[in-house]
Amino acid sequence: MALPTGLSGAWWAVFAAVGGLAVVAITLALMGQQRIKSLEQELVRRQQDSQGQAIEARAMAQQAQELARSAETKVALLDGRVAETALQRTQLEELIQQLSRSRDENVLADVDAALRVAAQQSAITGSAEPLIAALRQSEERLARMNQPRLERVRRALARDLDRVRAVVINDIASLTIKLDEAVRTVDDLPLLAQPERKPVAAARPGAAAAAADQAQGWWPWLQAQAAWAGERVWSEARALVRVTRIDHPEAALMAPEQAWFLRENLKLRLLNARLALLSRQFETAQADLRDAVASLDRYFDRSARRVALTADLLRQVADQARQVSLPRPDETLAALAAAQAGR
């Protein structure tokens with residue numbers, strides 16, 4: 001069937017348009033597919049790049065953590081060194097302050113320490129000499145400085161020195177020497193049971209007197225010899241019989257073998273009193289001395305001069321063995337504290 005001429009040209013135009021559109025669509029589809037492939041490749045490349053960057057970031061994070069740990073360790077070390085440096089600085093500042101103290105403050109500190117040590121020594125030894133020496137030396141040292149603000153301290157030193165000097169301190173050394181002397185004389189003291197024999201006062205006429213009496217005649221010489229013999233016999237007779245007052249009869253009836261124990265007991269009491277004095281136990285020393293004096297009065301011959309001297313010696317020691325409290329230099333210490341505080 002043959003188409004008319006006008007219509008065949010229109011169909012060819014339609015076919016040509018449809019074919020052109022198909023070619024264009026195919027071309028666009030090919031181009032879109034190529035675009036998609038390129039996008040996919042780009043995405044894959046970017047994904048690979050992102051994974052590499054993530055791995056690098058993880059490595060860098062680990063390095064950062066290690067650096068942070070080392071930094072923390074270093075910071076801790078630095079903090080310790082800073083604290084140590086601050087402590088050393090504080091100590092150095094204190095040392096500089098101590099070294100930079102004025103001469104007056106050093107002198108006041110030395111005087112305060114010397115007085116406290118001297119007060120402790122006097123309390124331990126029972127002697128006022130350490131405290132007196134420290135007060136005197138401190139007064140002389142402050143006098144050489146001649147500072148008006150230390151005048152109050154000097155006046156306090158003078159008052160404390162007068163107060164310490166006014167206290168009568170027993171000389172323990174002299175008291176122990178007296179007790180040693182009494183111990184040495186115990187063996188020579190006469191007992192009531194063994195009275196001391198007094199020497200005979202009469203003496204035989206000398207050769208010169210006898211020659212002179214013989215020159216005058218034999219009768220005066222014979223009278224002188226008879227008088228001497230009679231006086232000698234009378235002295236011996238008086239020595240045999242002795243009348244005395246005894247308050248304690250048992251003392252005169254003491255057996256000779258008991259005399260040694262009595263003397264040794266008296267020596268022990270005196271030695272105990274000596275030890276008590278050295279250890280500053282004055283009450284114990286007083287008790288031992290009282291017992292020793294009582295033993296002398298009871299068992300020994302009080303009319304003998306050596307017994308009386310020994311008893312007087314023990315009484316003197318008992319009177320002097322007294323507890324004496326030393327005054328403390330509190331006024332001087334208070335004045336020193338006020339001067340150091342700047343008041």
# chains A, B, ... in the order shown; residues from 1 in each chain; ligands from 1

call {"tool": "residues_around", "arguments": {"residues": "A:Ala158", "least_positions_apart": "4", "cutoff": "9 Å", "atoms": "only C-alpha atoms", "output": "PDB file with C-alpha atoms, in the first residue's frame"}}
result
ATOM      1  CA  LEU A 135      73.964  36.379 136.859  1.00  0.00           C
ATOM      2  CA  ARG A 136      77.271  38.180 137.441  1.00  0.00           C
ATOM      3  CA  GLU A 139      75.334  41.741 134.256  1.00  0.00           C
ATOM      4  CA  VAL A 153      67.184  43.867 132.245  1.00  0.00           C
ATOM      5  CA  ARG A 154      70.270  45.063 134.154  1.00  0.00           C
ATOM      6  CA  ASP A 162      71.047  40.164 145.571  1.00  0.00           C
ATOM      7  CA  ARG A 163      68.172  37.764 146.241  1.00  0.00           C
ATOM      8  CA  THR A 332      65.299  38.632 134.883  1.00  0.00           C
TER       9      THR A 332
END

call {"tool": "residues_around", "arguments": {"residues": "A:Glu129", "least_positions_apart": "4", "cutoff": "10 Å", "atoms": "only C-alpha atoms", "output": "number ranges by chain"}}
result
A: 118, 121-122, 125, 133-135, 164-165, 169

call {"tool": "write_last_selection", "arguments": {"atoms": "C-alpha atoms", "output": "compact mmCIF listing (two decimals), in the first residue's frame"}}
result
# COMPACT_ATOMS: atom_id res chain seq x y z
CA ALA A 118 72.52 27.82 135.48
CA GLN A 121 72.54 23.25 137.53
CA SER A 122 71.83 24.97 140.86
CA THR A 125 73.69 20.40 142.70
CA ALA A 133 78.22 33.20 138.35
CA ALA A 134 75.74 33.31 135.45
CA LEU A 135 73.96 36.38 136.86
CA VAL A 164 70.30 34.68 145.48
CA ARG A 165 73.24 35.96 147.53
CA ILE A 169 73.44 27.71 151.20

call {"tool": "closest_residue", "arguments": {"among": "A:Glu264, A:Asp319, A:Glu105, A:Asp160", "to": "A:Leu289", "atoms": "only C-alpha atoms"}}
result
A:Asp319

call {"tool": "select_by_dssp", "arguments": {"residues": "stretch 117-192 of chain A", "states": "alpha helix (DSSP H)", "output": "ChimeraX atom specification"}}
result
/A:117-125,129-145,151-165,172-185

call {"tool": "atom_distance", "arguments": {"atom1": "atom CA of A:Gln120", "atom2": "atom CA of A:Asp330"}}
result
13.0 Å

call {"tool": "closest_residue", "arguments": {"among": "A:Asn106, A:Asn272, A:Gln53, A:Ser303", "to": "A:Leu192", "atoms": "only C-alpha atoms"}}
result
A:Ser303

call {"tool": "residues_around", "arguments": {"residues": "A:Leu313", "least_positions_apart": "4", "cutoff": "9 Å", "atoms": "only C-alpha atoms", "output": "list in words"}}
result
Lys178, Leu179, Ala182, Ala308, Leu309, Val317 and Ala318 of chain A

call {"tool": "write_last_selection", "arguments": {"atoms": "N, CA and C atoms", "output": "PDB file, in the first residue's frame"}}
result
ATOM      1  N   LYS A 178      83.434  17.238 158.182  1.00  0.00           N
ATOM      2  CA  LYS A 178      83.211  17.158 159.627  1.00  0.00           C
ATOM      3  C   LYS A 178      82.738  15.757 160.031  1.00  0.00           C
ATOM      4  N   LEU A 179      81.868  15.169 159.225  1.00  0.00           N
ATOM      5  CA  LEU A 179      81.408  13.815 159.541  1.00  0.00           C
ATOM      6  C   LEU A 179      82.554  12.804 159.428  1.00  0.00           C
ATOM      7  N   ALA A 182      84.478  13.058 162.552  1.00  0.00           N
ATOM      8  CA  ALA A 182      83.792  12.405 163.667  1.00  0.00           C
ATOM      9  C   ALA A 182      83.926  10.881 163.586  1.00  0.00           C
ATOM     10  N   ALA A 308      82.707  15.349 174.269  1.00  0.00           N
ATOM     11  CA  ALA A 308      81.973  16.622 174.195  1.00  0.00           C
ATOM     12  C   ALA A 308      82.224  17.316 172.855  1.00  0.00           C
ATOM     13  N   LEU A 309      83.488  17.299 172.373  1.00  0.00           N
ATOM     14  CA  LEU A 309      83.800  17.938 171.090  1.00  0.00           C
ATOM     15  C   LEU A 309      83.103  17.219 169.931  1.00  0.00           C
ATOM     16  N   VAL A 317      76.634  20.016 162.616  1.00  0.00           N
ATOM     17  CA  VAL A 317      76.279  19.473 161.311  1.00  0.00           C
ATOM     18  C   VAL A 317      74.763  19.331 161.188  1.00  0.00           C
ATOM     19  N   ALA A 318      74.097  18.874 162.247  1.00  0.00           N
ATOM     20  CA  ALA A 318      72.640  18.729 162.211  1.00  0.00           C
ATOM     21  C   ALA A 318      71.943  20.082 162.058  1.00  0.00           C
TER      22      ALA A 318
END

call {"tool": "atom_distance", "arguments": {"atom1": "atom CA of A:Val82", "atom2": "atom CA of A:Ala68"}}
result
20.1 Å

call {"tool": "residues_around", "arguments": {"residues": "A:Ala273", "least_positions_apart": "5", "cutoff": "8 Å", "atoms": "only C-alpha atoms", "output": "JSON list (two decimals) with N, CA and C atoms, in the first residue's frame"}}
result
[["chain", "number", "residue", "atom", "x", "y", "z"],
["A", 284, "THR", "N", 66.66, 12.37, 156.22],
["A", 284, "THR", "CA", 67.35, 11.14, 156.62],
["A", 284, "THR", "C", 68.64, 11.46, 157.37],
["A", 285, "ALA", "N", 69.37, 12.46, 156.90],
["A", 285, "ALA", "CA", 70.60, 12.85, 157.59],
["A", 285, "ALA", "C", 70.31, 13.36, 159.00],
["A", 286, "GLN", "N", 69.24, 14.14, 159.14],
["A", 286, "GLN", "CA", 68.87, 14.63, 160.47],
["A", 286, "GLN", "C", 68.55, 13.48, 161.42],
["A", 288, "ASP", "N", 69.63, 10.32, 161.28],
["A", 288, "ASP", "CA", 70.86, 9.59, 161.62],
["A", 288, "ASP", "C", 71.73, 10.39, 162.59],
["A", 289, "LEU", "N", 71.80, 11.68, 162.42],
["A", 289, "LEU", "CA", 72.60, 12.50, 163.33],
["A", 289, "LEU", "C", 71.98, 12.54, 164.73]]

call {"tool": "atom_distance", "arguments": {"atom1": "atom CA of A:Arg315", "atom2": "atom CA of A:Phe300"}}
result
15.8 Å

call {"tool": "residues_around", "arguments": {"residues": "A:Ala338", "least_positions_apart": "4", "cutoff": "12 Å", "atoms": "only C-alpha atoms", "output": "PDB file with C-alpha atoms, in the first residue's frame"}}
result
ATOM      1  CA  GLU A 105      68.988  40.148 120.235  1.00  0.00           C
ATOM      2  CA  LEU A 108      69.635  38.605 125.016  1.00  0.00           C
ATOM      3  CA  ALA A 109      69.140  35.084 123.669  1.00  0.00           C
ATOM      4  CA  ASP A 112      68.411  33.824 128.603  1.00  0.00           C
ATOM      5  CA  ARG A 149      66.772  49.794 126.330  1.00  0.00           C
ATOM      6  CA  LEU A 150      68.559  47.019 128.276  1.00  0.00           C
ATOM      7  CA  ARG A 152      65.498  47.241 132.751  1.00  0.00           C
ATOM      8  CA  VAL A 153      67.184  43.867 132.245  1.00  0.00           C
ATOM      9  CA  ALA A 156      66.346  42.833 137.163  1.00  0.00           C
ATOM     10  CA  GLU A 331      62.272  38.680 137.180  1.00  0.00           C
ATOM     11  CA  THR A 332      65.299  38.632 134.883  1.00  0.00           C
ATOM     12  CA  LEU A 333      63.686  36.081 132.557  1.00  0.00           C
ATOM     13  CA  ALA A 334      60.542  38.222 132.344  1.00  0.00           C
ATOM     14  CA  GLY A 342      60.453  44.912 121.771  1.00  0.00           C
ATOM     15  CA  ARG A 343      58.364  46.218 124.668  1.00  0.00           C
TER      16      ARG A 343
END

call {"tool": "closest_residue", "arguments": {"among": "A:Gln51, A:Ser127, A:Met145, A:Pro190", "to": "A:Ala173", "atoms": "only C-alpha atoms"}}
result
A:Ser127

call {"tool": "closest_residue", "arguments": {"among": "A:Ala22, A:Leu296, A:Val117, A:Leu131", "to": "A:Pro327", "atoms": "only C-alpha atoms"}}
result
A:Leu131
